[in-house]
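S.K.: There's a structure below that I have some questions on.
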Amino acid sequence: MVELQQRLIEVERRIGQAAQKSGRSSQNITLLAVSKTVSNDTVAQAYELGIRDFGENRVQEFVSKNHSLPQAKWHIIGRLQTNKVKDVVGKAFLIHSVDRWQLAQELDKRGHYLKVPVPVLLQVNISGEKSKTGLKADEVVNFLQSVGEFTSLKVMGFMTMAELSSEPEESRPVFRELSSLKKQLDRKTFTNVELKYLSMGMSQDYEVAIEEGANIVRIGSALFI
Ligand SMILES: *Cc1c(COP(=O)(O)O)cnc(C)c1O
């Protein structure tokens, strides 16, 4: 607990520093604790220390942790199969990983059935890595135009992952490009779209991501080792 608290203080200090560097307040930046490697007990400790947002990349873990700590905001950050949609709609605060049209359709259908909104981010594959899922940058506008037909799904912004690297600066061009795409699209109006969030940066590169405009950082190992 003490160690977790110390790591949290350090991460928050760095978030504050990066926010200041980019002329923003850390209050507008959400620390999303990626709890995929840790137990329910550790999640409960993190909540006690003030963390409110948690991310899981597996639906089964999402369901069980959400059940054990329903007062927290639970995010889905990993690839989502369409047959798991029923387990997350109405429970996820935000789904970061919408990477294909069929998934968006299934999410909307489920939201419509349950009469609940389905807030999502579009995952964009800026780096162009074949191994990474996500829409290509030039597919995003079409996608945003098409979500106007939905009743429940709302696009609340974008998420991306940079390539794994020990050098945070290598992620900067990827983050900058997504940030610039968001700025361009902010000027346009789309139905069922409100580009509020930019989810980018992990333990290795969250400071760079914040400098480039991230307002959600997804941090696992820097908190939980
Ligand atoms: C695991 C994971 C993270 C956190 O990674 P760390 O390097 O442990 O901070 C962030 N985003 C996604 C999508 C992940 O799967």
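Ordering of the structure tokens sets the chain letters (A, B, ...), residue numbers begin anew at 1 in every chain, and ligands are numbered from 1 in the order given.
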So that I can see what lies close to A:His75, please list as a list of chain:residue names the residues with an atom at most 7 Å from it, counting only C-alpha atoms and leaving out residues fewer than 6 positions away in the same chain.
M.R.: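 So the residues in contact are A:Phe54, A:Gly55, A:Glu56, A:Ala92, A:Phe93, A:Leu94, A:Ile95.
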S.K.: Pick out the residues no farther than 12 Å from ligand 1, counting only C-alpha atoms and all ligand atoms, and list them as number ranges by chain.
M.R.: A: 11, 31-38, 54-58, 75-80, 95-98, 123-124, 132-134, 159-166, 168, 199-207, 216-225
S.K.: Between A:Asn125, A:Asn40, A:Ser179, A:Gln105, which residue has the minimum interatomic distance to A:Phe150, considering only C-alpha atoms?
M.R.: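 Checking each of A:Asn125, A:Asn40, A:Ser179, A:Gln105 against A:Phe150, counting only C-alpha atoms, the winner is A:Gln105.
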S.K.: Using only C-alpha atoms, which protein or nucleic acid residues come within 8 Å of stretch 137-149 of chain A? Drop anything in the same chain fewer than 3 positions from it, and give the result as a PDB file with C-alpha atoms, in the first residue's frame.
M.R.:
```
ATOM      1  CA  TRP A 101     -17.669  -0.594 -38.072  1.00  0.00           C
ATOM      2  CA  VAL A 124      -6.690   4.972 -34.504  1.00  0.00           C
ATOM      3  CA  ASN A 125      -3.612   3.182 -35.788  1.00  0.00           C
ATOM      4  CA  ILE A 126      -1.394   6.164 -36.474  1.00  0.00           C
ATOM      5  CA  LEU A 153     -23.430   5.035 -29.510  1.00  0.00           C
ATOM      6  CA  LYS A 154     -21.558   8.316 -29.041  1.00  0.00           C
ATOM      7  CA  VAL A 155     -17.993   8.938 -30.186  1.00  0.00           C
ATOM      8  CA  LEU A 181      -6.389  15.045 -36.466  1.00  0.00           C
ATOM      9  CA  LEU A 185     -12.150  17.454 -36.791  1.00  0.00           C
ATOM     10  CA  PHE A 190     -21.030  15.406 -36.737  1.00  0.00           C
ATOM     11  CA  THR A 191     -24.123  13.879 -35.176  1.00  0.00           C
ATOM     12  CA  ASN A 192     -23.435  11.631 -32.154  1.00  0.00           C
ATOM     13  CA  VAL A 193     -19.866  12.901 -31.951  1.00  0.00           C
TER      14      VAL A 193
END
```
S.K.: Could you work out how far atom CA of A:Pro119 lies from atom CA of A:Ala72, giving the answer in Å with one decimal?
M.R.: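 About the pair atom CA of A:Ala72 and atom CA of A:Pro119: they are 16.2 Å apart.
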S.K.: Run DSSP on the backbone and grab whatever in stretch 12-214 of chain A lands in strand (DSSP E); send it over as an MDAnalysis selection string.
M.R.: chainID A and resid 30:34 53:56 73:76 94:98 118:123 153:159 193:199
S.K.: Keeping only C-alpha atoms, write those residues as an mmCIF file, in the first residue's frame.
M.R.:
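Heads up, here's the output in out.cif:
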```cif
data_model
loop_
_atom_site.group_PDB
_atom_site.id
_atom_site.type_symbol
_atom_site.label_atom_id
_atom_site.label_comp_id
_atom_site.auth_asym_id
_atom_site.auth_seq_id
_atom_site.Cartn_x
_atom_site.Cartn_y
_atom_site.Cartn_z
ATOM 1 C CA THR A 30 -7.519 11.590 -16.134
ATOM 2 C CA LEU A 31 -5.170 9.007 -14.751
ATOM 3 C CA LEU A 32 -6.613 5.702 -15.916
ATOM 4 C CA ALA A 33 -5.066 2.926 -13.852
ATOM 5 C CA VAL A 34 -4.645 -0.186 -15.975
ATOM 6 C CA ASP A 53 -10.764 5.287 -13.254
ATOM 7 C CA PHE A 54 -9.617 1.762 -14.041
ATOM 8 C CA GLY A 55 -8.977 0.040 -17.360
ATOM 9 C CA GLU A 56 -9.137 -3.612 -18.323
ATOM 10 C CA LYS A 73 -15.387 4.028 -13.414
ATOM 11 C CA TRP A 74 -14.434 0.992 -15.465
ATOM 12 C CA HIS A 75 -12.998 1.392 -18.956
ATOM 13 C CA ILE A 76 -12.460 -1.193 -21.688
ATOM 14 C CA LEU A 94 -15.896 4.427 -21.796
ATOM 15 C CA ILE A 95 -14.842 1.875 -24.425
ATOM 16 C CA HIS A 96 -11.486 3.008 -25.867
ATOM 17 C CA SER A 97 -11.048 0.362 -28.504
ATOM 18 C CA VAL A 98 -13.669 0.737 -31.232
ATOM 19 C CA VAL A 118 -22.676 3.871 -25.241
ATOM 20 C CA PRO A 119 -19.732 6.272 -25.015
ATOM 21 C CA VAL A 120 -16.731 5.130 -27.045
ATOM 22 C CA LEU A 121 -13.412 6.257 -28.441
ATOM 23 C CA LEU A 122 -12.216 5.329 -31.890
ATOM 24 C CA GLN A 123 -8.891 3.541 -31.794
ATOM 25 C CA LEU A 153 -23.430 5.035 -29.510
ATOM 26 C CA LYS A 154 -21.558 8.316 -29.041
ATOM 27 C CA VAL A 155 -17.993 8.938 -30.186
ATOM 28 C CA MET A 156 -16.259 10.869 -27.411
ATOM 29 C CA GLY A 157 -12.769 11.048 -28.909
ATOM 30 C CA PHE A 158 -9.791 8.999 -29.990
ATOM 31 C CA MET A 159 -7.320 6.516 -28.596
ATOM 32 C CA VAL A 193 -19.866 12.901 -31.951
ATOM 33 C CA GLU A 194 -18.336 15.013 -29.210
ATOM 34 C CA LEU A 195 -14.557 14.929 -29.385
ATOM 35 C CA LYS A 196 -13.763 15.367 -25.726
ATOM 36 C CA TYR A 197 -11.098 12.775 -24.981
ATOM 37 C CA LEU A 198 -7.688 11.958 -26.313
ATOM 38 C CA SER A 199 -6.537 8.687 -24.732
#
```
S.K.: Do a neighbour search on A:Val85 at 9 Å with only C-alpha atoms, toss out local chain neighbours closer than 6 positions, and write the hits as a PyMOL selection string.
M.R.: chain A and resi 59+103+106-107+110
S.K.: Could you save those same residues with N, CA and C atoms as a PDB file, in the first residue's frame?
M.R.:
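Dumped everything to selection_17.pdb:
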```
ATOM      1  N   VAL A  59     -12.560  -8.801 -21.179  1.00  0.00           N
ATOM      2  CA  VAL A  59     -13.940  -8.600 -20.741  1.00  0.00           C
ATOM      3  C   VAL A  59     -14.232  -9.347 -19.443  1.00  0.00           C
ATOM      4  N   LEU A 103     -18.251  -3.602 -35.014  1.00  0.00           N
ATOM      5  CA  LEU A 103     -18.271  -3.491 -33.555  1.00  0.00           C
ATOM      6  C   LEU A 103     -19.129  -2.308 -33.122  1.00  0.00           C
ATOM      7  N   GLU A 106     -22.787  -3.252 -33.399  1.00  0.00           N
ATOM      8  CA  GLU A 106     -23.233  -4.167 -32.330  1.00  0.00           C
ATOM      9  C   GLU A 106     -23.385  -3.420 -31.004  1.00  0.00           C
ATOM     10  N   LEU A 107     -22.452  -2.512 -30.731  1.00  0.00           N
ATOM     11  CA  LEU A 107     -22.530  -1.722 -29.493  1.00  0.00           C
ATOM     12  C   LEU A 107     -23.785  -0.858 -29.496  1.00  0.00           C
ATOM     13  N   ARG A 110     -26.977  -2.946 -28.931  1.00  0.00           N
ATOM     14  CA  ARG A 110     -27.132  -3.327 -27.526  1.00  0.00           C
ATOM     15  C   ARG A 110     -27.563  -2.114 -26.675  1.00  0.00           C
TER      16      ARG A 110
END
```
S.K.: Which of stretch 62-107 of chain A counts as helix (DSSP H, G or I) under DSSP, as a list in words please?
M.R.: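 For stretch 62-107 of chain A, the helix (DSSP H, G or I) set is Phe62, Val63, Ser64, Lys65, Asn66, His67, Ser68, Thr82, Asn83, Lys84, Val85, Lys86, Asp87, Val88, Trp101, Gln102, Leu103, Ala104, Gln105, Glu106 and Leu107 of chain A.
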S.K.: For A:Asn83, which residue out of A:Asn215, A:Ser68, A:Gln102, A:Ser39 is the nearest one, using only C-alpha atoms?
M.R.: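 Smallest distance to A:Asn83 is found for A:Gln102.
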